[in-house]
>>> print(open('model29.csv').read())   # CSV, C-alpha atoms
chain,number,residue,atom,x,y,z
A,1,MET,CA,26.4,28.7,10.5
A,2,ALA,CA,25.9,30.0,14.1
A,3,MET,CA,25.7,33.5,12.7
A,4,LEU,CA,22.4,32.7,11.1
A,5,ASN,CA,20.8,32.2,14.5
A,6,ARG,CA,20.7,36.0,15.0
A,7,VAL,CA,18.8,36.7,11.7
A,8,HIS,CA,15.2,35.6,11.1
A,9,LEU,CA,14.7,33.4,8.0
A,10,ASN,CA,11.4,35.2,7.1
A,11,GLY,CA,13.3,38.5,6.9
A,12,LEU,CA,15.9,37.0,4.5
A,13,ARG,CA,13.1,35.6,2.4
A,14,ALA,CA,11.5,39.0,2.2
A,15,ILE,CA,14.8,40.6,1.1
A,16,GLU,CA,15.5,38.0,-1.5
A,17,THR,CA,11.9,38.2,-2.9
A,18,VAL,CA,11.9,42.0,-3.1
A,19,ALA,CA,15.3,42.1,-4.7
A,20,ARG,CA,14.2,39.5,-7.3
A,21,LEU,CA,10.7,40.9,-8.0
A,22,GLY,CA,11.6,44.6,-7.7
A,23,SER,CA,8.7,45.7,-5.5
A,24,LEU,CA,7.2,45.3,-2.1
A,25,ALA,CA,3.7,44.6,-3.6
A,26,ALA,CA,5.0,41.8,-5.8
A,27,ALA,CA,7.0,40.2,-2.9
A,28,ALA,CA,3.9,40.4,-0.7
A,29,GLY,CA,1.9,38.6,-3.3
A,30,GLU,CA,4.4,35.8,-3.6
A,31,LEU,CA,4.9,35.4,0.1
A,32,ASN,CA,1.2,35.7,0.8
A,33,VAL,CA,1.5,38.4,3.4
A,34,SER,CA,0.8,42.1,3.5
A,35,VAL,CA,3.0,44.8,2.1
A,36,SER,CA,3.5,46.3,5.5
A,37,ALA,CA,4.6,42.9,6.8
A,38,VAL,CA,7.3,42.6,4.1
A,39,SER,CA,8.5,46.2,4.9
A,40,GLN,CA,8.7,45.4,8.6
A,41,GLN,CA,10.6,42.2,8.0
A,42,ILE,CA,13.2,44.0,5.9
A,43,SER,CA,13.6,46.8,8.5
A,44,ARG,CA,14.0,44.2,11.3
A,45,THR,CA,16.6,42.3,9.3
A,46,GLU,CA,18.6,45.4,8.4
A,47,LYS,CA,18.8,46.2,12.1
A,48,GLN,CA,19.9,42.6,12.9
A,49,LEU,CA,22.6,42.8,10.2
A,50,GLY,CA,23.7,46.4,11.0
A,51,GLN,CA,23.6,47.2,7.3
A,52,ALA,CA,21.2,49.1,5.1
A,53,LEU,CA,20.1,46.9,2.2
A,54,PHE,CA,17.6,49.2,0.5
A,55,GLU,CA,17.4,52.9,-0.1
A,56,ARG,CA,13.9,54.3,0.4
A,57,THR,CA,13.0,56.5,-2.6
A,58,ALA,CA,9.8,58.1,-3.9
A,59,SER,CA,9.6,55.3,-6.5
A,60,GLY,CA,10.2,52.5,-4.0
A,61,LEU,CA,13.0,50.5,-2.6
A,62,VAL,CA,16.4,50.5,-4.4
A,63,LEU,CA,19.2,48.1,-3.4
A,64,THR,CA,22.3,49.6,-1.9
A,65,GLU,CA,25.7,48.5,-3.1
A,66,PHE,CA,26.0,46.1,-0.2
A,67,GLY,CA,22.3,45.1,-0.6
A,68,ALA,CA,22.9,44.1,-4.2
A,69,ILE,CA,25.8,41.8,-3.3
A,70,PHE,CA,23.9,40.4,-0.3
A,71,ALA,CA,20.7,39.8,-2.4
A,72,THR,CA,22.8,37.9,-5.0
A,73,ARG,CA,24.2,35.6,-2.4
A,74,LEU,CA,20.7,35.1,-0.8
A,75,GLY,CA,19.3,34.3,-4.2
A,76,ALA,CA,21.9,31.5,-4.7
A,77,GLY,CA,21.2,30.2,-1.2
A,78,PHE,CA,17.4,30.1,-1.6
A,79,ARG,CA,17.8,28.3,-5.0
A,80,GLU,CA,19.8,25.6,-3.3
A,81,LEU,CA,17.1,25.3,-0.6
A,82,ALA,CA,14.5,25.0,-3.4
A,83,TYR,CA,16.5,22.2,-5.0
A,84,ALA,CA,16.7,20.4,-1.7
A,85,VAL,CA,13.0,20.6,-1.2
A,86,ALA,CA,12.4,19.5,-4.8
A,87,MET,CA,14.6,16.4,-4.1
A,88,ALA,CA,12.4,15.5,-1.1
A,89,ASP,CA,9.3,15.9,-3.3
A,90,GLU,CA,10.8,13.8,-6.0
A,91,ALA,CA,11.6,11.1,-3.5
A,92,THR,CA,8.1,11.2,-2.2
A,93,GLN,CA,6.7,11.0,-5.7
A,94,CYS,CA,8.9,8.0,-6.4
A,95,THR,CA,7.7,6.1,-3.3
A,96,LEU,CA,4.7,3.8,-3.7
A,97,VAL,CA,3.0,3.1,-0.4
A,98,VAL,CA,1.0,-0.1,-0.4
A,99,SER,CA,-1.3,-1.1,2.5
A,100,VAL,CA,-1.8,-4.8,2.8
A,101,ALA,CA,-2.7,-7.4,5.4
A,102,PRO,CA,0.4,-9.1,6.9
A,103,ALA,CA,-0.7,-12.6,5.8
A,104,PHE,CA,-1.0,-11.4,2.1
A,105,ALA,CA,2.3,-9.5,2.3
A,106,SER,CA,4.2,-12.4,3.9
A,107,LYS,CA,2.8,-15.4,2.1
A,108,TRP,CA,2.3,-14.0,-1.4
A,109,LEU,CA,3.4,-10.5,-2.1
A,110,LEU,CA,6.9,-10.5,-0.5
A,111,PRO,CA,8.3,-13.4,-2.5
A,112,ARG,CA,7.4,-11.6,-5.8
A,113,LEU,CA,8.5,-8.0,-5.0
A,114,SER,CA,11.9,-8.5,-6.6
A,115,ARG,CA,10.2,-8.6,-10.0
A,116,HIS,CA,8.6,-5.2,-9.3
A,117,PHE,CA,12.0,-3.8,-8.3
A,118,ALA,CA,13.5,-5.1,-11.5
A,119,ARG,CA,10.7,-3.7,-13.7
A,120,HIS,CA,10.5,-0.3,-11.9
A,121,PRO,CA,13.9,0.4,-10.4
A,122,ASP,CA,13.1,4.1,-9.8
A,123,VAL,CA,10.1,3.4,-7.6
A,124,LEU,CA,10.7,2.8,-3.9
A,125,LEU,CA,8.1,0.4,-2.4
A,126,ARG,CA,6.9,0.9,1.2
A,127,ILE,CA,4.7,-1.9,2.4
A,128,ASP,CA,2.3,-0.8,5.2
A,129,ALA,CA,1.5,-4.3,6.6
A,130,SER,CA,-1.6,-3.6,8.6
A,131,VAL,CA,-5.2,-4.5,8.8
A,132,ARG,CA,-6.1,-1.1,10.4
A,133,LEU,CA,-8.8,1.1,8.9
A,134,THR,CA,-7.3,3.6,6.6
A,135,ASP,CA,-8.7,6.9,5.2
A,136,LEU,CA,-7.1,6.9,1.8
A,137,ASP,CA,-8.1,10.5,1.2
A,138,HIS,CA,-6.1,11.7,4.1
A,139,SER,CA,-3.0,9.4,4.3
A,140,ASP,CA,0.2,8.7,2.3
A,141,ILE,CA,-1.1,5.3,1.2
A,142,ASP,CA,-1.3,5.1,-2.6
A,143,ILE,CA,-3.1,1.8,-2.9
A,144,ALA,CA,-4.5,-0.8,-0.6
A,145,ILE,CA,-5.1,-4.5,-1.1
A,146,ARG,CA,-8.0,-5.7,0.9
A,147,LEU,CA,-9.9,-9.0,1.4
A,148,GLY,CA,-13.6,-8.6,1.6
A,149,ASP,CA,-16.8,-7.9,-0.4
A,150,GLY,CA,-15.6,-4.6,-1.9
A,151,LYS,CA,-17.9,-2.5,0.2
A,152,TRP,CA,-15.4,-0.1,1.8
A,153,PRO,CA,-16.7,3.5,2.1
A,154,GLY,CA,-15.1,6.2,0.1
A,155,GLY,CA,-12.7,4.8,-2.5
A,156,ARG,CA,-12.4,3.2,-5.9
A,157,ALA,CA,-12.4,-0.6,-5.6
A,158,GLU,CA,-11.2,-3.0,-8.3
A,159,LEU,CA,-11.7,-6.7,-7.9
A,160,LEU,CA,-8.4,-8.4,-8.2
A,161,LEU,CA,-9.3,-12.0,-7.5
A,162,ALA,CA,-12.5,-13.8,-6.3
A,163,GLN,CA,-11.6,-15.9,-3.3
A,164,GLU,CA,-12.2,-19.6,-3.4
A,165,ILE,CA,-11.9,-21.8,-0.3
A,166,PHE,CA,-10.8,-25.5,0.0
A,167,PRO,CA,-9.1,-27.8,2.5
A,168,VAL,CA,-5.3,-28.1,2.6
A,169,CYS,CA,-3.1,-30.3,4.7
A,170,ALA,CA,0.4,-31.8,4.8
A,171,PRO,CA,1.0,-34.7,2.4
A,172,SER,CA,1.3,-37.1,5.4
A,173,ILE,CA,-2.3,-36.3,6.3
A,174,ALA,CA,-3.6,-36.2,2.7
A,175,GLY,CA,-2.5,-39.8,2.2
A,176,LYS,CA,-5.0,-40.9,4.8
A,177,LEU,CA,-8.0,-39.1,3.3
A,178,GLN,CA,-9.6,-41.4,0.8
A,179,SER,CA,-13.0,-39.6,1.0
A,180,ILE,CA,-14.4,-36.4,2.4
A,181,GLU,CA,-15.9,-38.4,5.2
A,182,ASP,CA,-12.4,-39.2,6.4
A,183,LEU,CA,-12.1,-35.6,7.5
A,184,ALA,CA,-13.9,-36.7,10.6
A,185,GLN,CA,-10.7,-38.5,11.6
A,186,THR,CA,-8.6,-35.4,11.4
A,187,CYS,CA,-8.1,-32.2,13.4
A,188,ALA,CA,-9.4,-28.9,12.1
A,189,ILE,CA,-7.0,-25.9,12.3
A,190,THR,CA,-9.1,-22.9,12.9
A,191,ASP,CA,-8.6,-19.2,12.3
A,192,GLU,CA,-10.9,-17.6,14.9
A,193,ARG,CA,-11.0,-14.3,13.0
A,194,ALA,CA,-11.7,-15.8,9.6
A,195,MET,CA,-14.6,-14.6,7.4
A,196,ILE,CA,-14.9,-18.0,5.8
A,197,ASN,CA,-16.5,-21.3,7.1
A,198,TRP,CA,-16.5,-25.0,6.4
A,199,GLU,CA,-20.3,-25.2,5.8
A,200,SER,CA,-20.0,-23.4,2.4
A,201,TRP,CA,-17.3,-25.8,1.3
A,202,PHE,CA,-19.2,-28.9,2.3
A,203,ALA,CA,-22.2,-27.5,0.4
A,204,ALA,CA,-20.1,-27.0,-2.7
A,205,ALA,CA,-18.8,-30.6,-2.3
A,206,GLY,CA,-22.4,-31.9,-2.1
A,207,VAL,CA,-21.9,-33.7,1.2
A,208,PRO,CA,-23.1,-33.1,4.7
A,209,PRO,CA,-20.6,-31.5,7.1
A,210,VAL,CA,-18.5,-33.7,9.2
A,211,THR,CA,-17.4,-33.2,12.8
A,212,PHE,CA,-13.7,-32.7,13.1
A,213,GLN,CA,-11.4,-33.7,15.9
A,214,LYS,CA,-10.4,-30.8,18.1
A,215,GLY,CA,-7.4,-29.0,16.7
A,216,ALA,CA,-5.3,-25.9,17.2
A,217,ARG,CA,-7.0,-22.5,17.1
A,218,PHE,CA,-5.2,-19.3,16.1
A,219,THR,CA,-6.1,-15.6,15.6
A,220,ASP,CA,-3.8,-15.3,12.6
A,221,PRO,CA,-4.0,-17.1,9.2
A,222,MET,CA,-0.2,-17.3,8.9
A,223,LEU,CA,-0.1,-19.4,12.0
A,224,CYS,CA,-2.9,-21.6,10.7
A,225,LEU,CA,-0.9,-22.1,7.5
A,226,GLU,CA,2.3,-23.0,9.4
A,227,SER,CA,0.4,-25.4,11.6
A,228,ALA,CA,-1.1,-27.1,8.5
A,229,ILE,CA,2.4,-27.4,7.0
A,230,ALA,CA,3.7,-28.9,10.2
A,231,GLY,CA,1.1,-31.7,9.9
A,232,HIS,CA,-1.2,-30.6,12.8
A,233,GLY,CA,-4.4,-31.1,10.8
A,234,VAL,CA,-6.5,-29.7,8.0
A,235,MET,CA,-7.2,-26.0,7.4
A,236,LEU,CA,-9.6,-24.2,5.1
A,237,GLY,CA,-7.4,-22.1,2.9
A,238,TRP,CA,-7.6,-19.9,-0.2
A,239,GLN,CA,-5.6,-19.4,-3.4
A,240,LEU,CA,-3.1,-16.7,-2.6
A,241,LEU,CA,-2.5,-17.8,1.0
A,242,THR,CA,-1.6,-21.4,0.0
A,243,ALA,CA,-0.4,-21.1,-3.6
A,244,ASP,CA,3.3,-21.3,-2.9
A,245,ALA,CA,3.0,-24.1,-0.3
A,246,LEU,CA,0.9,-26.1,-2.8
A,247,ALA,CA,3.4,-25.5,-5.6
A,248,ASP,CA,6.4,-26.7,-3.7
A,249,GLY,CA,4.6,-29.7,-2.1
A,250,ARG,CA,4.5,-28.6,1.5
A,251,LEU,CA,0.7,-28.7,1.3
A,252,VAL,CA,-1.8,-30.7,-0.7
A,253,ALA,CA,-5.4,-29.9,-1.6
A,254,PRO,CA,-6.8,-33.4,-1.3
A,255,PHE,CA,-10.2,-33.3,-2.9
A,256,GLY,CA,-10.1,-30.9,-5.8
A,257,VAL,CA,-13.2,-29.1,-4.6
A,258,ARG,CA,-13.2,-25.3,-4.4
A,259,ALA,CA,-16.1,-23.2,-3.3
A,260,GLN,CA,-16.8,-19.5,-3.8
A,261,SER,CA,-16.5,-17.6,-0.6
A,262,GLY,CA,-18.4,-14.4,-1.6
A,263,LEU,CA,-15.2,-12.5,-0.8
A,264,GLY,CA,-12.3,-11.4,-2.9
A,265,TYR,CA,-9.0,-9.4,-3.0
A,266,TRP,CA,-9.6,-5.9,-4.1
A,267,LEU,CA,-7.3,-3.0,-5.1
A,268,VAL,CA,-8.6,0.1,-3.4
A,269,THR,CA,-7.5,3.7,-4.2
A,270,SER,CA,-8.8,7.1,-3.2
A,271,SER,CA,-11.5,8.4,-5.5
A,272,ALA,CA,-10.5,12.0,-4.5
A,273,LYS,CA,-7.0,11.7,-5.8
A,274,ALA,CA,-5.7,11.4,-9.4
A,275,GLU,CA,-4.3,8.0,-10.1
A,276,SER,CA,-0.5,8.3,-10.5
A,277,ARG,CA,1.7,6.4,-13.0
A,278,LYS,CA,3.3,4.4,-10.3
A,279,VAL,CA,-0.1,3.2,-9.1
A,280,ARG,CA,-1.1,2.2,-12.7
A,281,ASP,CA,2.1,0.4,-13.2
A,282,PHE,CA,1.7,-1.5,-9.9
A,283,LYS,CA,-1.8,-2.6,-10.9
A,284,VAL,CA,-0.5,-3.9,-14.2
A,285,TRP,CA,2.3,-5.8,-12.4
A,286,ILE,CA,0.2,-7.3,-9.7
A,287,ARG,CA,-2.4,-8.5,-12.2
A,288,GLN,CA,0.3,-10.3,-14.2
A,289,GLU,CA,1.6,-11.9,-11.0
A,290,ILE,CA,-1.9,-13.0,-10.0
A,291,GLU,CA,-2.4,-14.6,-13.5
A,292,ALA,CA,0.9,-16.4,-13.2
A,293,THR,CA,0.1,-17.7,-9.7
A,294,MET,CA,-3.4,-18.8,-10.7
A,295,ALA,CA,-2.0,-20.7,-13.8
A,296,GLN,CA,0.3,-22.6,-11.5
A,297,PHE,CA,-2.4,-23.0,-8.8
A,298,GLY,CA,-4.7,-24.6,-11.3
A,299,SER,CA,-2.1,-27.2,-12.2
A,300,VAL,CA,-1.6,-28.3,-8.6
A,301,THR,CA,-5.2,-28.4,-7.3
A,302,ALA,CA,-6.9,-30.3,-10.1
A,303,GLY,CA,-9.0,-33.0,-8.4
A,304,PRO,CA,-8.0,-36.7,-8.9
A,305,ALA,CA,-10.0,-38.9,-11.2
A,306,GLY,CA,-13.4,-39.8,-9.7
A,307,THR,CA,-13.6,-37.0,-7.3
A,308,ASN,CA,-16.4,-34.4,-7.2
A,309,ALA,CA,-14.4,-31.4,-8.4
A,310,VAL,CA,-16.4,-28.2,-8.1
A,311,GLU,CA,-14.2,-25.4,-9.4
A,312,SER,CA,-15.0,-21.7,-9.6
A,313,SER,CA,-13.4,-19.5,-12.2
A,314,VAL,CA,-9.9,-18.7,-11.1
A,315,ALA,CA,-9.1,-16.0,-13.6
A,316,PRO,CA,-8.9,-12.5,-12.1
A,317,VAL,CA,-11.9,-10.3,-12.8
A,318,TYR,CA,-11.4,-6.6,-13.1
A,319,VAL,CA,-14.4,-4.6,-12.0
A,320,GLU,CA,-14.2,-1.0,-10.9
A,321,ARG,CA,-16.6,0.4,-8.3
A,322,ASP,CA,-17.0,3.8,-6.8
A,323,ILE,CA,-17.7,3.2,-3.2
A,324,PRO,CA,-18.0,5.5,-0.1
A,325,LEU,CA,-14.6,5.8,1.7
A,326,ARG,CA,-13.5,3.9,4.7
A,327,GLN,CA,-11.7,0.6,4.7
A,328,ALA,CA,-12.2,-2.6,6.5
A,329,GLY,CA,-9.0,-4.6,7.2
A,330,SER,CA,-8.2,-8.1,6.3
>>> encode(input="model29.csv", output="structure tokens")
Amino acid sequence: MAMLNRVHLNGLRAIETVARLGSLAAAAGELNVSVSAVSQQISRTEKQLGQALFERTASGLVLTEFGAIFATRLGAGFRELAYAVAMADEATQCTLVVSVAPAFASKWLLPRLSRHFARHPDVLLRIDASVRLTDLDHSDIDIAIRLGDGKWPGGRAELLLAQEIFPVCAPSIAGKLQSIEDLAQTCAITDERAMINWESWFAAAGVPPVTFQKGARFTDPMLCLESAIAGHGVMLGWQLLTADALADGRLVAPFGVRAQSGLGYWLVTSSAKAESRKVRDFKVWIRQEIEATMAQFGSVTAGPAGTNAVESSVAPVYVERDIPLRQAGS
């Protein structure tokens, strides 16, 4: 292989292309260079090899006996290189890159990915767990899942699930909450970066806001969730963040009151790129998973008899919007 270091690859490409196409002009067209550049590359390579590969005739270049054998070997080598590059392209085409916030990825998406693997074994999933702003037109991200109002510049947004908010807490704390007013005896677990607030939930419940005891404050919803599970107080949660903890009993939604937040989970793709089969398949899969989660969610958050249950629709709504491109994270 060290012998290749003394021969320029561009020259070898020029020789193989001229030998295959039969003329300098045709080779120049395929290589997107000038005829004189192809001729110079061939001459330079012949000097490097110390062998004449072509005879210069009035009708053009003709392969010498050595040149014909050399060009045949080159052709086989470049075909192998083309196969190798095609393999890389195929691997890229079979990789689905999903951008998603860490909380969504950890608390809802990750436990369900095995079902996507089983359904689409030829698709490699790469999860970009980040809330950073992403230009979908100029990145390798195929689809983003974002929490917000759907107003992200420059992509196609499809509402996956409208977000509803409600209090959740450990069963030990829920047992002490006979009425909403009892929340004043508990600590509020606060996400300092949250886009939701308690006032809208109290308004949906039809009661004045209470003043909580001082509780833990975090800058990450996953930490708020773990704090609530540990029994540190009550947090304001939403469906997909809390669904699994509610289903297995680690958390309780004590009042059966859910309020619309004005936000939702959205599937966002580039409006400048054609939607691939792997993206369409992912959309079908995640919608089905959302529906299954919400069916289970509804059974564990129904309000007890006599409570003021205010429930929004929990069925996913699919709305496509063309919006200017630039994403907000969440």
>>> closest_residue(input="model29.csv", among="A:Glu291, A:Asp244, A:Asp191, A:Glu199", to="Ser227 in chain A", atoms="all atoms listed in the file")
A:Asp191
>>> residues_around(input="model29.csv", residues="range 15-19 of chain A", least_positions_apart="6", cutoff="7 Å", atoms="only C-alpha atoms", output="short mmCIF file (atom, residue, chain, number, x, y, z; two decimals) with C-alpha atoms, in the coordinates of the input")
data_model
loop_
_atom_site.label_atom_id
_atom_site.label_comp_id
_atom_site.auth_asym_id
_atom_site.auth_seq_id
_atom_site.Cartn_x
_atom_site.Cartn_y
_atom_site.Cartn_z
CA ALA A 27 7.00 40.20 -2.90
CA ILE A 42 13.20 44.00 5.90
CA ALA A 71 20.70 39.80 -2.40
CA LEU A 74 20.70 35.10 -0.80
CA GLY A 75 19.30 34.30 -4.20
#
>>> atom_distance(input="model29.csv", atom1="CA of Ala247 in chain A", atom2="CA of Ala157 in chain A")
29.5 Å
>>> closest_residue(input="model29.csv", among="A:Ser99, A:Thr269, A:Asn10, A:Ser114", to="Ser43 in chain A", atoms="all atoms listed in the file")
A:Asn10
>>> atom_distance(input="model29.csv", atom1="CA of Ile229 in chain A", atom2="CA of Pro171 in chain A")
8.7 Å
>>> closest_residue(input="model29.csv", among="A:Cys169, A:Val62, A:Leu160, A:Leu31", to="Val284 in chain A", atoms="only C-alpha atoms")
A:Leu160
>>> atom_distance(input="model29.csv", atom1="CA of Arg280 in chain A", atom2="CA of Ala243 in chain A")
25.0 Å
>>> residues_around(input="model29.csv", residues="Leu24 in chain A", least_positions_apart="6", cutoff="12 Å", atoms="only C-alpha atoms", output="CSV table (one decimal) with C-alpha atoms, keeping the file's coordinate frame")
chain,number,residue,atom,x,y,z
A,14,ALA,CA,11.5,39.0,2.2
A,15,ILE,CA,14.8,40.6,1.1
A,16,GLU,CA,15.5,38.0,-1.5
A,17,THR,CA,11.9,38.2,-2.9
A,18,VAL,CA,11.9,42.0,-3.1
A,30,GLU,CA,4.4,35.8,-3.6
A,31,LEU,CA,4.9,35.4,0.1
A,32,ASN,CA,1.2,35.7,0.8
A,33,VAL,CA,1.5,38.4,3.4
A,34,SER,CA,0.8,42.1,3.5
A,35,VAL,CA,3.0,44.8,2.1
A,36,SER,CA,3.5,46.3,5.5
A,37,ALA,CA,4.6,42.9,6.8
A,38,VAL,CA,7.3,42.6,4.1
A,39,SER,CA,8.5,46.2,4.9
A,40,GLN,CA,8.7,45.4,8.6
A,41,GLN,CA,10.6,42.2,8.0
A,42,ILE,CA,13.2,44.0,5.9
A,54,PHE,CA,17.6,49.2,0.5
A,56,ARG,CA,13.9,54.3,0.4
A,59,SER,CA,9.6,55.3,-6.5
A,60,GLY,CA,10.2,52.5,-4.0
A,61,LEU,CA,13.0,50.5,-2.6
A,62,VAL,CA,16.4,50.5,-4.4
>>> closest_residue(input="model29.csv", among="A:Ala28, A:Ile69, A:Leu96, A:Leu63", to="Arg13 in chain A", atoms="only C-alpha atoms")
A:Ala28
>>> residues_around(input="model29.csv", residues="Ala274 in chain A", least_positions_apart="3", cutoff="12 Å", atoms="all atoms listed in the file", output="ChimeraX atom specification")
/A:137,142-143,155-156,269-271,277-280
>>> decode(input="model29.csv", residues="range 56-72 of chain A", atoms="N, CA, C and O atoms", output="mmCIF file, in the first residue's frame")
data_model
loop_
_atom_site.group_PDB
_atom_site.id
_atom_site.type_symbol
_atom_site.label_atom_id
_atom_site.label_comp_id
_atom_site.auth_asym_id
_atom_site.auth_seq_id
_atom_site.Cartn_x
_atom_site.Cartn_y
_atom_site.Cartn_z
ATOM 1 N N ARG A 56 -0.489 8.590 -28.038
ATOM 2 C CA ARG A 56 -1.129 9.781 -28.561
ATOM 3 C C ARG A 56 -1.228 9.653 -30.073
ATOM 4 O O ARG A 56 -0.200 9.591 -30.775
ATOM 5 N N THR A 57 -2.430 9.569 -30.587
ATOM 6 C CA THR A 57 -2.655 9.419 -32.024
ATOM 7 C C THR A 57 -3.488 10.587 -32.526
ATOM 8 O O THR A 57 -4.028 11.373 -31.742
ATOM 9 N N ALA A 58 -3.611 10.686 -33.833
ATOM 10 C CA ALA A 58 -4.396 11.772 -34.437
ATOM 11 C C ALA A 58 -5.867 11.672 -34.029
ATOM 12 O O ALA A 58 -6.569 12.687 -33.961
ATOM 13 N N SER A 59 -6.349 10.473 -33.766
ATOM 14 C CA SER A 59 -7.762 10.287 -33.401
ATOM 15 C C SER A 59 -7.983 10.311 -31.900
ATOM 16 O O SER A 59 -9.110 10.159 -31.427
ATOM 17 N N GLY A 60 -6.880 10.500 -31.107
ATOM 18 C CA GLY A 60 -7.043 10.564 -29.669
ATOM 19 C C GLY A 60 -6.114 9.618 -28.937
ATOM 20 O O GLY A 60 -5.147 9.103 -29.519
ATOM 21 N N LEU A 61 -6.400 9.364 -27.671
ATOM 22 C CA LEU A 61 -5.574 8.473 -26.852
ATOM 23 C C LEU A 61 -5.992 7.025 -27.050
ATOM 24 O O LEU A 61 -7.179 6.700 -27.078
ATOM 25 N N VAL A 62 -4.966 6.159 -27.161
ATOM 26 C CA VAL A 62 -5.213 4.714 -27.284
ATOM 27 C C VAL A 62 -4.373 4.021 -26.218
ATOM 28 O O VAL A 62 -3.178 4.316 -26.062
ATOM 29 N N LEU A 63 -4.975 3.113 -25.491
ATOM 30 C CA LEU A 63 -4.271 2.405 -24.424
ATOM 31 C C LEU A 63 -3.130 1.559 -24.979
ATOM 32 O O LEU A 63 -3.287 0.875 -25.998
ATOM 33 N N THR A 64 -1.992 1.610 -24.307
ATOM 34 C CA THR A 64 -0.905 0.694 -24.627
ATOM 35 C C THR A 64 -1.258 -0.689 -24.070
ATOM 36 O O THR A 64 -2.246 -0.855 -23.345
ATOM 37 N N GLU A 65 -0.461 -1.655 -24.391
ATOM 38 C CA GLU A 65 -0.712 -3.007 -23.866
ATOM 39 C C GLU A 65 -0.678 -2.998 -22.341
ATOM 40 O O GLU A 65 -1.550 -3.552 -21.672
ATOM 41 N N PHE A 66 0.364 -2.327 -21.776
ATOM 42 C CA PHE A 66 0.439 -2.209 -20.325
ATOM 43 C C PHE A 66 -0.721 -1.377 -19.798
ATOM 44 O O PHE A 66 -1.325 -1.684 -18.761
ATOM 45 N N GLY A 67 -1.057 -0.297 -20.524
ATOM 46 C CA GLY A 67 -2.147 0.580 -20.096
ATOM 47 C C GLY A 67 -3.472 -0.137 -20.003
ATOM 48 O O GLY A 67 -4.283 0.132 -19.106
ATOM 49 N N ALA A 68 -3.727 -1.066 -20.920
ATOM 50 C CA ALA A 68 -4.999 -1.807 -20.909
ATOM 51 C C ALA A 68 -5.102 -2.677 -19.646
ATOM 52 O O ALA A 68 -6.153 -2.733 -19.001
ATOM 53 N N ILE A 69 -3.994 -3.354 -19.310
ATOM 54 C CA ILE A 69 -4.000 -4.196 -18.107
ATOM 55 C C ILE A 69 -4.140 -3.323 -16.860
ATOM 56 O O ILE A 69 -4.902 -3.617 -15.943
ATOM 57 N N PHE A 70 -3.379 -2.216 -16.877
ATOM 58 C CA PHE A 70 -3.402 -1.293 -15.730
ATOM 59 C C PHE A 70 -4.803 -0.713 -15.529
ATOM 60 O O PHE A 70 -5.316 -0.644 -14.399
ATOM 61 N N ALA A 71 -5.457 -0.297 -16.632
ATOM 62 C CA ALA A 71 -6.783 0.305 -16.548
ATOM 63 C C ALA A 71 -7.822 -0.704 -16.061
ATOM 64 O O ALA A 71 -8.757 -0.349 -15.336
ATOM 65 N N THR A 72 -7.661 -1.964 -16.449
ATOM 66 C CA THR A 72 -8.597 -3.002 -15.981
ATOM 67 C C THR A 72 -8.514 -3.150 -14.470
ATOM 68 O O THR A 72 -9.534 -3.239 -13.777
#
